[in-house]
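With mmCIF, C-alpha atoms inside, this is upload.cif:
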data_protein
loop_
_atom_site.label_atom_id
_atom_site.label_comp_id
_atom_site.auth_asym_id
_atom_site.auth_seq_id
_atom_site.Cartn_x
_atom_site.Cartn_y
_atom_site.Cartn_z
CA MET A 1 48.19 118.10 95.36
CA ARG A 2 50.14 114.89 95.88
CA ILE A 3 53.54 115.15 97.52
CA LYS A 4 55.82 112.10 97.65
CA VAL A 5 57.68 112.01 100.97
CA LEU A 6 60.84 109.89 101.48
CA PHE A 7 61.94 108.86 104.97
CA PHE A 8 65.65 108.30 105.67
CA ALA A 9 67.75 107.07 108.58
CA LYS A 10 66.22 107.91 111.98
CA SER A 11 62.99 109.21 110.44
CA ARG A 12 62.46 105.95 108.56
CA GLU A 13 63.09 103.93 111.70
CA VAL A 14 60.58 105.94 113.72
CA ALA A 15 57.93 106.18 111.01
CA GLY A 16 58.40 102.55 110.06
CA LEU A 17 58.24 103.20 106.31
CA SER A 18 60.50 104.71 103.64
CA GLU A 19 57.95 106.36 101.38
CA GLN A 20 54.46 107.85 101.67
CA VAL A 21 52.31 110.11 99.50
CA PHE A 22 50.65 113.04 101.27
CA GLU A 23 47.64 114.99 100.00
CA LEU A 24 48.23 118.75 100.46
CA ALA A 25 45.80 121.56 99.67
CA ASP A 26 46.87 123.69 96.69
CA GLY A 27 49.11 126.56 97.75
CA GLY A 28 50.46 124.41 100.57
CA ASN A 29 54.08 124.83 101.70
CA THR A 30 56.80 122.87 103.49
CA GLU A 31 55.53 123.86 106.92
CA ASP A 32 52.05 122.57 106.13
CA LEU A 33 53.61 119.31 104.98
CA LEU A 34 55.63 119.10 108.20
CA HIS A 35 52.45 119.31 110.27
CA GLN A 36 50.77 116.60 108.20
CA ILE A 37 53.80 114.32 108.55
CA ILE A 38 53.85 114.75 112.33
CA SER A 39 50.12 114.19 112.68
CA ALA A 40 50.51 110.98 110.64
CA HIS A 41 53.58 109.94 112.67
CA PRO A 42 53.46 111.57 116.13
CA GLY A 43 56.72 109.79 117.04
CA LEU A 44 58.47 111.98 114.51
CA GLU A 45 57.77 115.23 116.34
CA ASN A 46 61.05 115.15 118.22
CA VAL A 47 63.08 113.69 115.38
CA MET A 48 61.88 116.39 112.97
CA LYS A 49 63.36 119.09 115.19
CA SER A 50 66.80 118.12 113.92
CA CYS A 51 65.74 117.34 110.34
CA VAL A 52 65.50 119.43 107.19
CA PHE A 53 63.70 118.67 103.93
CA ALA A 54 65.13 118.11 100.47
CA VAL A 55 62.56 119.35 97.98
CA ASN A 56 63.37 117.89 94.57
CA GLN A 57 66.89 117.28 95.89
CA GLU A 58 67.50 120.78 97.19
CA TYR A 59 67.76 121.41 100.94
CA VAL A 60 64.95 123.46 102.46
CA ARG A 61 64.09 124.13 106.09
CA PRO A 62 60.41 123.29 106.67
CA CYS A 63 59.92 126.58 108.53
CA ASP A 64 61.01 128.46 105.39
CA LYS A 65 57.45 127.83 104.16
CA GLU A 66 58.74 126.92 100.71
CA PRO A 67 55.73 126.55 98.40
CA LEU A 68 55.12 123.03 97.05
CA LYS A 69 53.49 121.82 93.82
CA GLU A 70 51.89 118.63 92.49
CA GLY A 71 54.36 115.76 92.22
CA ASP A 72 57.15 117.33 94.25
CA GLU A 73 59.48 114.85 95.97
CA VAL A 74 60.28 115.81 99.55
CA ALA A 75 62.86 113.83 101.52
CA ILE A 76 63.21 114.02 105.31
CA ILE A 77 66.91 114.61 105.99
CA PRO A 78 68.15 113.81 109.52
CA PRO A 79 71.62 115.12 110.46
CA LEU A 80 74.14 113.74 107.97
CA SER A 81 76.84 111.23 108.92
CA GLY A 82 78.53 110.34 105.66
CA GLY A 83 82.27 110.19 104.97
CA MET B 1 143.91 111.61 108.29
CA ARG B 2 141.92 109.93 105.50
CA ILE B 3 138.49 111.37 104.70
CA LYS B 4 136.19 109.52 102.32
CA VAL B 5 134.31 112.03 100.13
CA LEU B 6 131.15 111.06 98.23
CA PHE B 7 130.04 113.08 95.21
CA PHE B 8 126.31 113.28 94.37
CA ALA B 9 124.18 114.73 91.57
CA LYS B 10 125.71 117.86 90.02
CA SER B 11 128.97 117.50 91.97
CA ARG B 12 129.48 113.95 90.67
CA GLU B 13 128.81 115.07 87.10
CA VAL B 14 131.32 117.89 87.32
CA ALA B 15 133.98 115.95 89.24
CA GLY B 16 133.46 112.89 87.05
CA LEU B 17 133.65 110.45 89.98
CA SER B 18 131.42 109.39 92.86
CA GLU B 19 134.00 108.71 95.54
CA GLN B 20 137.47 109.88 96.46
CA VAL B 21 139.67 109.67 99.56
CA PHE B 22 141.36 112.87 100.64
CA GLU B 23 144.38 113.17 102.95
CA LEU B 24 143.85 115.91 105.53
CA ALA B 25 146.32 117.12 108.16
CA ASP B 26 145.28 116.21 111.70
CA GLY B 27 143.05 118.87 113.25
CA GLY B 28 141.64 119.66 109.82
CA ASN B 29 138.05 120.79 109.44
CA THR B 30 135.33 120.94 106.82
CA GLU B 31 136.59 124.19 105.37
CA ASP B 32 140.06 122.75 104.82
CA LEU B 33 138.46 119.78 103.10
CA LEU B 34 136.44 122.11 100.88
CA HIS B 35 139.61 123.82 99.68
CA GLN B 36 141.27 120.47 98.91
CA ILE B 37 138.22 119.29 96.98
CA ILE B 38 138.15 122.47 94.89
CA SER B 39 141.89 122.36 94.19
CA ALA B 40 141.45 118.74 93.05
CA HIS B 41 138.36 119.63 90.98
CA PRO B 42 138.47 123.32 90.00
CA GLY B 43 135.22 122.90 88.10
CA LEU B 44 133.50 122.38 91.43
CA GLU B 45 134.25 125.87 92.71
CA ASN B 46 130.94 127.26 91.48
CA VAL B 47 128.91 124.16 92.23
CA MET B 48 130.17 124.05 95.84
CA LYS B 49 128.68 127.49 96.47
CA SER B 50 125.24 125.92 96.60
CA CYS B 51 126.31 122.67 98.29
CA VAL B 52 126.57 121.60 101.91
CA PHE B 53 128.36 118.59 103.40
CA ALA B 54 126.94 115.60 105.21
CA VAL B 55 129.53 114.46 107.73
CA ASN B 56 128.70 110.92 108.81
CA GLN B 57 125.17 111.55 107.54
CA GLU B 58 124.61 114.80 109.39
CA TYR B 59 124.35 118.09 107.48
CA VAL B 60 127.18 120.56 108.02
CA ARG B 61 128.03 123.77 106.20
CA PRO B 62 131.68 123.68 105.14
CA CYS B 63 132.20 127.21 106.45
CA ASP B 64 131.16 126.02 109.93
CA LYS B 65 134.73 124.65 110.19
CA GLU B 66 133.43 121.42 111.72
CA PRO B 67 136.45 119.37 112.91
CA LEU B 68 137.00 116.07 111.07
CA LYS B 69 138.63 112.82 112.17
CA GLU B 70 140.21 109.74 110.59
CA GLY B 71 137.69 107.71 108.59
CA ASP B 72 134.92 110.29 108.52
CA GLU B 73 132.56 110.02 105.55
CA VAL B 74 131.78 113.39 103.99
CA ALA B 75 129.16 113.63 101.23
CA ILE B 76 128.81 116.65 98.96
CA ILE B 77 125.12 117.58 99.01
CA PRO B 78 123.86 119.77 96.15
CA PRO B 79 120.40 121.38 96.57
CA LEU B 80 117.88 118.59 97.14
CA SER B 81 115.15 117.72 94.64
CA GLY B 82 113.46 114.64 96.04
CA GLY B 83 109.74 114.00 96.40
CA MET C 1 111.52 96.34 100.97
CA PHE C 2 110.29 98.48 103.85
CA ILE C 3 112.35 99.10 106.97
CA SER C 4 109.84 98.94 109.81
CA GLU C 5 110.08 100.00 113.43
CA GLU C 6 106.99 100.23 115.58
CA ASN C 7 104.55 102.22 113.49
CA VAL C 8 106.97 103.63 110.94
CA PHE C 9 107.70 102.10 107.53
CA VAL C 10 110.24 103.59 105.13
CA GLU C 11 111.58 102.40 101.80
CA ILE C 12 113.84 103.53 98.96
CA THR C 13 113.48 101.23 95.99
CA GLU C 14 114.17 100.86 92.27
CA ASN C 15 110.82 99.06 91.90
CA ASP C 16 107.46 100.64 91.16
CA LEU C 17 105.87 102.12 94.27
CA ASP C 18 102.60 100.53 95.38
CA ILE C 19 99.87 102.67 96.93
CA CYS C 20 97.94 99.59 98.04
CA LYS C 21 101.01 98.28 99.85
CA CYS C 22 101.44 101.61 101.68
CA MET C 23 97.74 101.62 102.59
CA GLU C 24 98.05 98.08 104.00
CA LEU C 25 101.10 99.04 106.04
CA VAL C 26 99.34 101.93 107.76
CA ALA C 27 96.01 100.09 108.20
CA ASP C 28 95.02 100.05 111.88
CA PRO C 29 91.74 99.08 113.54
CA GLY C 30 91.88 102.32 115.50
CA ALA C 31 92.29 104.43 112.37
CA GLY C 32 89.25 106.23 110.95
CA ALA C 33 91.29 108.05 108.30
CA ILE C 34 94.17 107.33 105.95
CA SER C 35 95.60 110.23 103.95
CA THR C 36 98.15 109.77 101.22
CA PHE C 37 100.32 112.01 99.07
CA ASN C 38 101.71 110.71 95.82
CA GLY C 39 104.36 112.68 93.92
CA VAL C 40 104.21 111.67 90.28
CA THR C 41 106.31 112.55 87.25
CA ARG C 42 104.71 115.40 85.36
CA ASN C 43 105.06 115.73 81.56
CA ASN C 44 106.13 119.36 81.72
CA PHE C 45 108.31 121.67 83.77
CA GLN C 46 108.61 125.39 83.13
CA GLY C 47 107.07 124.95 79.72
CA LYS C 48 109.47 122.22 78.66
CA THR C 49 108.30 118.69 77.92
CA VAL C 50 109.59 116.17 80.42
CA ILE C 51 110.13 112.59 79.26
CA LYS C 52 111.27 111.02 82.50
CA LEU C 53 112.99 111.73 85.78
CA ASP C 54 116.00 109.93 87.16
CA TYR C 55 116.29 109.86 90.95
CA GLU C 56 119.55 109.48 92.82
CA ALA C 57 119.80 109.04 96.58
CA TYR C 58 122.46 108.99 99.25
CA VAL C 59 120.64 105.88 100.36
CA PRO C 60 121.88 105.25 103.90
CA MET C 61 121.38 108.88 104.92
CA ALA C 62 118.13 109.19 102.98
CA LEU C 63 116.69 106.17 104.83
CA LYS C 64 117.84 107.64 108.14
CA LYS C 65 116.21 110.99 107.34
CA LEU C 66 112.99 109.28 106.20
CA GLN C 67 112.80 107.41 109.50
CA GLU C 68 113.52 110.59 111.48
CA LEU C 69 110.82 112.37 109.50
CA ALA C 70 108.27 109.59 110.07
CA HIS C 71 109.01 109.53 113.80
CA GLU C 72 108.69 113.32 113.92
CA VAL C 73 105.18 112.96 112.43
CA GLY C 74 104.33 110.71 115.37
CA ARG C 75 105.63 113.32 117.81
CA ARG C 76 103.69 116.20 116.26
CA TRP C 77 100.35 114.49 115.55
CA ASN C 78 98.32 111.77 117.17
CA VAL C 79 98.66 109.27 114.30
CA CYS C 80 98.52 105.49 114.15
CA LYS C 81 101.09 104.64 111.45
CA VAL C 82 103.31 106.35 108.86
CA ALA C 83 104.70 104.88 105.64
CA VAL C 84 107.05 106.67 103.24
CA ALA C 85 108.34 105.13 100.03
CA HIS C 86 110.64 106.86 97.55
CA ARG C 87 111.73 105.67 94.11
CA LYS C 88 115.28 105.50 92.85
CA GLY C 89 116.24 105.43 89.19
CA ILE C 90 114.07 106.20 86.18
CA VAL C 91 110.46 107.28 86.81
CA LEU C 92 108.31 107.76 83.73
CA VAL C 93 105.53 110.34 83.31
CA GLY C 94 102.55 109.43 85.49
CA GLU C 95 104.50 107.06 87.72
CA PRO C 96 104.82 107.84 91.43
CA SER C 97 108.25 108.85 92.73
CA VAL C 98 107.14 109.19 96.37
CA ILE C 99 104.19 107.93 98.39
CA ILE C 100 103.46 109.10 101.93
CA ALA C 101 100.61 107.41 103.82
CA VAL C 102 99.48 108.35 107.31
CA SER C 103 96.67 106.78 109.35
CA SER C 104 94.96 108.39 112.32
CA ALA C 105 91.79 108.09 114.37
CA HIS C 106 90.36 111.35 112.99
CA ARG C 107 90.94 112.90 109.59
CA ARG C 108 92.53 116.18 110.69
CA GLU C 109 95.78 114.63 111.95
CA SER C 110 96.52 112.47 108.91
CA LEU C 111 95.63 115.26 106.46
CA GLU C 112 97.94 117.75 108.20
CA ALA C 113 100.71 115.21 108.79
CA VAL C 114 100.89 114.22 105.13
CA GLN C 115 101.23 117.87 104.11
CA TRP C 116 104.01 118.49 106.62
CA ALA C 117 105.78 115.25 105.69
CA ILE C 118 106.14 115.95 101.97
CA ASP C 119 107.42 119.48 102.64
CA GLU C 120 109.90 118.13 105.19
CA LEU C 121 110.99 115.31 102.85
CA LYS C 122 111.82 117.78 100.09
CA ALA C 123 113.83 119.84 102.56
CA VAL C 124 115.90 117.21 104.36
CA VAL C 125 116.10 113.90 102.50
CA PRO C 126 119.25 113.62 100.34
CA ILE C 127 117.60 112.70 97.06
CA TRP C 128 118.04 114.41 93.71
CA LYS C 129 116.16 114.22 90.48
CA LYS C 130 117.47 114.74 87.00
CA GLU C 131 114.86 115.93 84.56
CA PHE C 132 115.15 114.57 81.03
CA PHE C 133 113.61 117.14 78.70
CA GLU C 134 112.98 116.51 75.08
CA ASP C 135 115.80 118.95 74.31
CA GLY C 136 118.48 117.61 76.76
CA SER C 137 118.62 117.20 80.56
CA ILE C 138 119.35 119.37 83.58
CA TRP C 139 119.48 118.91 87.38
CA LYS C 140 116.59 120.66 89.05
CA GLU C 141 116.87 122.36 92.40
CA ASN C 142 113.85 122.47 94.70
CA GLU C 143 112.58 125.90 93.89
CA GLU C 144 109.10 124.94 95.18
CA MET D 1 80.39 102.32 88.49
CA PHE D 2 81.65 105.89 88.28
CA ILE D 3 79.63 108.70 86.75
CA SER D 4 82.14 110.75 84.79
CA GLU D 5 81.93 114.21 83.28
CA GLU D 6 85.02 115.99 82.05
CA ASN D 7 87.47 115.65 84.94
CA VAL D 8 85.04 114.61 87.65
CA PHE D 9 84.29 111.02 88.67
CA VAL D 10 81.75 110.15 91.38
CA GLU D 11 80.37 106.84 92.58
CA ILE D 12 78.12 105.42 95.28
CA THR D 13 78.44 101.64 95.42
CA GLU D 14 77.73 98.58 97.51
CA ASN D 15 81.06 97.11 96.37
CA ASP D 16 84.43 97.52 98.06
CA LEU D 17 86.05 100.84 97.21
CA ASP D 18 89.31 100.64 95.27
CA ILE D 19 92.06 103.18 95.91
CA CYS D 20 93.97 102.04 92.81
CA LYS D 21 90.90 102.62 90.66
CA CYS D 22 90.50 106.14 92.04
CA MET D 23 94.20 106.85 91.46
CA GLU D 24 93.88 105.67 87.85
CA LEU D 25 90.84 107.86 87.27
CA VAL D 26 92.64 111.02 88.38
CA ALA D 27 95.94 110.15 86.68
CA ASP D 28 96.94 112.94 84.29
CA PRO D 29 100.21 113.57 82.45
CA GLY D 30 100.11 117.17 83.67
CA ALA D 31 99.71 116.11 87.32
CA GLY D 32 102.75 116.15 89.59
CA ALA D 33 100.73 115.31 92.69
CA ILE D 34 97.84 113.06 93.66
CA SER D 35 96.41 113.40 97.16
CA THR D 36 93.86 111.01 98.59
CA PHE D 37 91.68 110.84 101.68
CA ASN D 38 90.28 107.50 102.78
CA GLY D 39 87.64 107.34 105.50
CA VAL D 40 87.75 103.89 107.06
CA THR D 41 85.65 102.15 109.70
CA ARG D 42 87.26 102.51 113.08
CA ASN D 43 86.87 99.83 115.78
CA ASN D 44 85.83 102.29 118.46
CA PHE D 45 83.70 105.37 118.92
CA GLN D 46 83.41 107.27 122.20
CA GLY D 47 84.92 104.34 124.03
CA LYS D 48 82.48 101.80 122.62
CA THR D 49 83.63 98.99 120.40
CA VAL D 50 82.33 99.28 116.86
CA ILE D 51 81.77 96.09 114.86
CA LYS D 52 80.63 97.58 111.57
CA LEU D 53 78.94 100.58 110.01
CA ASP D 54 75.93 100.50 107.75
CA TYR D 55 75.66 103.38 105.27
CA GLU D 56 72.40 104.59 103.77
CA ALA D 57 72.17 107.18 101.03
CA TYR D 58 69.52 109.24 99.27
CA VAL D 59 71.33 108.07 96.18
CA PRO D 60 70.14 110.38 93.41
CA MET D 61 70.66 113.49 95.53
CA ALA D 62 73.89 112.17 97.03
CA LEU D 63 75.32 111.65 93.53
CA LYS D 64 74.21 115.13 92.55
CA LYS D 65 75.85 116.66 95.61
CA LEU D 66 79.05 114.65 95.03
CA GLN D 67 79.22 115.99 91.47
CA GLU D 68 78.55 119.55 92.65
CA LEU D 69 81.25 119.15 95.30
CA ALA D 70 83.78 117.79 92.79
CA HIS D 71 83.08 120.62 90.34
CA GLU D 72 83.42 123.14 93.18
CA VAL D 73 86.92 121.75 93.86
CA GLY D 74 87.76 122.56 90.24
CA ARG D 75 86.50 126.11 90.68
CA ARG D 76 88.44 126.75 93.89
CA TRP D 77 91.74 125.08 93.02
CA ASN D 78 93.76 124.57 89.90
CA VAL D 79 93.39 120.77 89.80
CA CYS D 80 93.50 118.21 87.02
CA LYS D 81 90.92 115.61 88.10
CA VAL D 82 88.70 114.74 91.07
CA ALA D 83 87.29 111.33 92.02
CA VAL D 84 84.95 110.66 94.94
CA ALA D 85 83.63 107.21 95.81
CA HIS D 86 81.32 106.46 98.73
CA ARG D 87 80.20 103.07 100.04
CA LYS D 88 76.63 102.02 100.71
CA GLY D 89 75.66 99.19 103.01
CA ILE D 90 77.81 97.35 105.54
CA VAL D 91 81.43 98.49 105.95
CA LEU D 92 83.58 96.41 108.29
CA VAL D 93 86.37 97.70 110.51
CA GLY D 94 89.36 98.76 108.42
CA GLU D 95 87.41 98.97 105.18
CA PRO D 96 87.11 102.34 103.39
CA SER D 97 83.69 104.01 103.34
CA VAL D 98 84.84 107.00 101.27
CA ILE D 99 87.80 107.72 99.01
CA ILE D 100 88.55 111.17 97.63
CA ALA D 101 91.39 111.52 95.13
CA VAL D 102 92.53 114.80 93.60
CA SER D 103 95.35 115.32 91.09
CA SER D 104 97.08 118.64 90.40
CA ALA D 105 100.26 120.00 88.83
CA HIS D 106 101.69 121.03 92.22
CA ARG D 107 101.10 119.40 95.60
CA ARG D 108 99.56 122.37 97.40
CA GLU D 109 96.30 122.35 95.43
CA SER D 110 95.54 118.63 95.73
CA LEU D 111 96.44 118.54 99.44
CA GLU D 112 94.16 121.51 100.22
CA ALA D 113 91.37 120.34 97.90
CA VAL D 114 91.16 116.90 99.50
CA GLN D 115 90.86 118.47 102.95
CA TRP D 116 88.09 120.79 101.83
CA ALA D 117 86.29 118.03 99.94
CA ILE D 118 85.92 115.62 102.87
CA ASP D 119 84.66 118.42 105.15
CA GLU D 120 82.19 119.53 102.48
CA LEU D 121 81.08 115.95 101.82
CA LYS D 122 80.23 115.42 105.48
CA ALA D 123 78.24 118.65 105.48
CA VAL D 124 76.18 118.37 102.30
CA VAL D 125 75.94 114.81 100.95
CA PRO D 126 72.77 113.02 102.14
CA ILE D 127 74.40 109.89 103.52
CA TRP D 128 73.92 108.40 106.98
CA LYS D 129 75.80 105.81 108.90
CA LYS D 130 74.48 103.48 111.52
CA GLU D 131 77.10 102.34 114.01
CA PHE D 132 76.78 98.77 115.23
CA PHE D 133 78.32 98.62 118.69
CA GLU D 134 78.91 95.43 120.53
CA ASP D 135 76.09 96.45 122.88
CA GLY D 136 73.43 97.46 120.28
CA SER D 137 73.31 100.14 117.55
CA ILE D 138 72.59 103.87 117.25
CA TRP D 139 72.50 106.47 114.44
CA LYS D 140 75.41 108.83 114.74
CA GLU D 141 75.14 112.51 113.90
CA ASN D 142 78.18 114.31 112.53
CA GLU D 143 79.45 115.86 115.70
CA GLU D 144 82.94 116.23 114.15
#

Kindly transcribe the structure held in the file into structure tokens.
Amino acid sequence: MRIKVLFFAKSREVAGLSEQVFELADGGNTEDLLHQIISAHPGLENVMKSCVFAVNQEYVRPCDKEPLKEGDEVAIIPPLSGG
Amino acid sequence: MRIKVLFFAKSREVAGLSEQVFELADGGNTEDLLHQIISAHPGLENVMKSCVFAVNQEYVRPCDKEPLKEGDEVAIIPPLSGG
Amino acid sequence: MFISEENVFVEITENDLDICKCMELVADPGAGAISTFNGVTRNNFQGKTVIKLDYEAYVPMALKKLQELAHEVGRRWNVCKVAVAHRKGIVLVGEPSVIIAVSSAHRRESLEAVQWAIDELKAVVPIWKKEFFEDGSIWKENEE
Amino acid sequence: MFISEENVFVEITENDLDICKCMELVADPGAGAISTFNGVTRNNFQGKTVIKLDYEAYVPMALKKLQELAHEVGRRWNVCKVAVAHRKGIVLVGEPSVIIAVSSAHRRESLEAVQWAIDELKAVVPIWKKEFFEDGSIWKENEE
């Protein structure tokens, strides 16, 4: 299934792009996606330790193994610094 | 000694004036002044129960018998409702 | 017209109060936060419809107390600047009667200082409001 | 441009934020108090001189979270209206990056709501700032 991944802040700087589509086997979850993202962008390994995901605009920790489905939008969310 | 008395809010409405000079015997204090004000404006008797004085812009309770001197300015301060 | 001393600005005026003016006065390059409190005339009080408020002040003492209050904010919290403006005369529904603005490096100080300042103002500054209800007018004591 | 639903107004914009606009949005004849919090760019952080901040937002989710936050204020406090505006892009020293305005009948609710709202915003709204120091720039995590 195709998962659209958005890169923000630090993660975008390290990965060098703001959007990328990943191909995930059916039944894949957020942890599987995390591994694919890191293998595509090894520099992100450290950064991801302090990031969470937003799956269709809802926060999810990758390690929660949240199941994903075709067309989901997953954003990489580094620690927030708004306000 | 002459004491200038200022009437504010409710006290001004009841007394019907905003300023009046009172003659007080030397050695007089805030309680003496209170009695003179009430005898001059009997309608104020009730109102004064919830008022304090400001002697030269410092709050004083009449019953504190604060000594007064020639030229002091004493304001009648009903309960505040600023802000 | 504001009286200003160091980082304190106080004003009692018959003119409309101006939030932007107060914000400008407390602006400071070292400030990361500006909190403001605006008391405005409400259209009802204890179930009665209010048309307008009329504020009266013992001006010289009120200004003195406002300055004391603003300086006290500086003693209690690490703030940059404090501005307090209070209206005199008629204030219609929706119009501000008091504006307190406080700037500080971090948000906590200005948020707490503004809360303390409005409570203190209501307790010590010799100002009175007369509420004009649709059915006649009364003086209102600070029951809050 | 504010998104408005009932008594909630939220905005993420590249344009300068406008405190007067926010005050107008939350004006309400039943409101006796309007409290505001303004986060502004400070000229220093941890002893380093800051020139400007650059804000980035996951806009659709940020707007959603701002609306959720504003509605939550209405559930927790008896308030009239809530407006939250956040800047995107470059914000120079002294300029506001966020303005939260809350109106309520009595002062307590709006003062408490504004405090809660800015803390909540920093915790849940997907916005990031990049601090440009005189000696180079870093991303800053919300240590506050």

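Atom pair atom CA of A:Leu34 / atom CA of A:Pro62 has a distance of 6.5 Å (rounded to one decimal).
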
With a distance cut-off of 12 Å and only C-alpha atoms, select the neighbouring residues of D:Phe37, excluding the residue or stretch itself and same-chain residues fewer than 3 positions from it, and output the selection as a PyMOL selection string. (chain A and resi 83) or (chain C and resi 23+32-38+100-104+106-112+114) or (chain D and resi 19+22-23+34+40+82-86+96-102+110-119+121)

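Using all atoms listed in the file, the set of residues no farther than 12 Å from the position (75.9, 119.0, 90.8) comprises Gln57 and Glu58 of chain A; Ile3, Ser4, Glu5, Val8, Phe9, Val10, Pro60, Met61, Ala62, Leu63, Lys64, Lys65, Leu66, Gln67, Glu68, Leu69, Ala70, His71, Glu72, Val73, Val124 and Val125 of chain D.
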
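With all atoms listed in the file as the basis for measurement, C:Ile138 is the residue among C:Ala31, C:Ile138, C:Ala123, C:Leu17 that approaches B:Ala9 most closely.
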
Explicit residues for the PyMOL selection byres ((chain C and resi 129) around 9) (as a PyMOL selection string): (chain B and resi 9+80-83) or (chain C and resi 53-57+89+127-128+130-131+139-141)

Interface residues on chain B facing chain C, 12 Å, all atoms listed in the file, written as JSON, numbers by chain: {"B": [6, 7, 8, 9, 10, 11, 12, 13, 14, 18, 47, 50, 51, 52, 53, 54, 55, 56, 57, 58, 59, 73, 74, 75, 76, 77, 78, 79, 80, 81, 82, 83]}

Which residues, written as a PyMOL selection string, have at least one atom at most 9 Å from A:Leu44, with all atoms listed in the file counted and residues fewer than 4 positions away on the same chain left out? chain A and resi 11+14-15+37-40+48-49

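Taken over the shown file, the PyMOL selection byres ((chain D and resi 132) around 6) identifies Val50, Ile51, Lys52, Leu53, Glu131, Phe133 and Ser137 of chain D.
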
Out of D:Ala105, D:Gly74, D:Leu92, D:Lys81, which residue has the shortest atom-to-atom distance to D:Asn44 when counting only C-alpha atoms?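 The closest residue to D:Asn44 is D:Leu92.
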
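Straight-line separation from atom CA of A:Glu19 to atom CA of A:Val5: 5.7 Å.
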
Separation of atom CA of D:Gln46 from atom CA of D:Asn15 in Å: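 Atom CA of D:Gln46 lies 27.9 Å from atom CA of D:Asn15.
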
Selection under test: the PyMOL selection byres ((chain A and resi 68) around 8); residues as a ChimeraX atom specification: /A:27-30,66-67,69-70,72

Calculated over all atoms listed in the file, which of the candidates D:Trp77, D:Thr13, D:Val59, D:Glu95 has the smallest distance to chain C?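 Checking each candidate against chain C, we get D:Glu95 as the closest.
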
Only N, CA, C and O atoms, please: stretch 60-70 of chain B from the block, as a PDB file, in the first residue's frame.
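As a result, decode_2.pdb now contains:
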ATOM      1  N   VAL B  60      -7.487  55.574  55.642  1.00  0.00           N
ATOM      2  CA  VAL B  60      -7.547  55.564  57.109  1.00  0.00           C
ATOM      3  C   VAL B  60      -8.982  55.223  57.487  1.00  0.00           C
ATOM      4  O   VAL B  60      -9.927  55.712  56.851  1.00  0.00           O
ATOM      5  N   ARG B  61      -9.146  54.384  58.508  1.00  0.00           N
ATOM      6  CA  ARG B  61     -10.518  54.163  58.990  1.00  0.00           C
ATOM      7  C   ARG B  61     -10.827  55.258  60.003  1.00  0.00           C
ATOM      8  O   ARG B  61     -10.007  55.510  60.904  1.00  0.00           O
ATOM      9  N   PRO B  62     -11.973  55.902  59.880  1.00  0.00           N
ATOM     10  CA  PRO B  62     -12.284  56.995  60.812  1.00  0.00           C
ATOM     11  C   PRO B  62     -12.089  56.588  62.269  1.00  0.00           C
ATOM     12  O   PRO B  62     -11.494  57.304  63.065  1.00  0.00           O
ATOM     13  N   CYS B  63     -12.506  55.349  62.570  1.00  0.00           N
ATOM     14  CA  CYS B  63     -12.454  54.901  63.978  1.00  0.00           C
ATOM     15  C   CYS B  63     -11.026  54.717  64.472  1.00  0.00           C
ATOM     16  O   CYS B  63     -10.791  54.491  65.663  1.00  0.00           O
ATOM     17  N   ASP B  64     -10.039  54.808  63.537  1.00  0.00           N
ATOM     18  CA  ASP B  64      -8.638  54.682  63.982  1.00  0.00           C
ATOM     19  C   ASP B  64      -8.184  55.934  64.730  1.00  0.00           C
ATOM     20  O   ASP B  64      -7.066  55.984  65.228  1.00  0.00           O
ATOM     21  N   LYS B  65      -9.063  56.956  64.746  1.00  0.00           N
ATOM     22  CA  LYS B  65      -8.741  58.209  65.469  1.00  0.00           C
ATOM     23  C   LYS B  65      -7.397  58.780  65.026  1.00  0.00           C
ATOM     24  O   LYS B  65      -6.575  59.196  65.854  1.00  0.00           O
ATOM     25  N   GLU B  66      -7.160  58.754  63.716  1.00  0.00           N
ATOM     26  CA  GLU B  66      -5.923  59.313  63.172  1.00  0.00           C
ATOM     27  C   GLU B  66      -5.897  60.830  63.419  1.00  0.00           C
ATOM     28  O   GLU B  66      -6.876  61.505  63.097  1.00  0.00           O
ATOM     29  N   PRO B  67      -4.845  61.368  64.024  1.00  0.00           N
ATOM     30  CA  PRO B  67      -4.817  62.826  64.255  1.00  0.00           C
ATOM     31  C   PRO B  67      -4.788  63.596  62.935  1.00  0.00           C
ATOM     32  O   PRO B  67      -4.216  63.129  61.957  1.00  0.00           O
ATOM     33  N   LEU B  68      -5.411  64.756  62.892  1.00  0.00           N
ATOM     34  CA  LEU B  68      -5.458  65.590  61.693  1.00  0.00           C
ATOM     35  C   LEU B  68      -4.754  66.908  61.965  1.00  0.00           C
ATOM     36  O   LEU B  68      -4.591  67.293  63.127  1.00  0.00           O
ATOM     37  N   LYS B  69      -4.340  67.602  60.877  1.00  0.00           N
ATOM     38  CA  LYS B  69      -3.690  68.893  61.065  1.00  0.00           C
ATOM     39  C   LYS B  69      -4.225  69.885  60.028  1.00  0.00           C
ATOM     40  O   LYS B  69      -4.848  69.496  59.037  1.00  0.00           O
ATOM     41  N   GLU B  70      -3.939  71.138  60.258  1.00  0.00           N
ATOM     42  CA  GLU B  70      -4.406  72.239  59.413  1.00  0.00           C
ATOM     43  C   GLU B  70      -4.121  71.914  57.937  1.00  0.00           C
ATOM     44  O   GLU B  70      -3.013  71.475  57.580  1.00  0.00           O
TER      45      GLU B  70
END
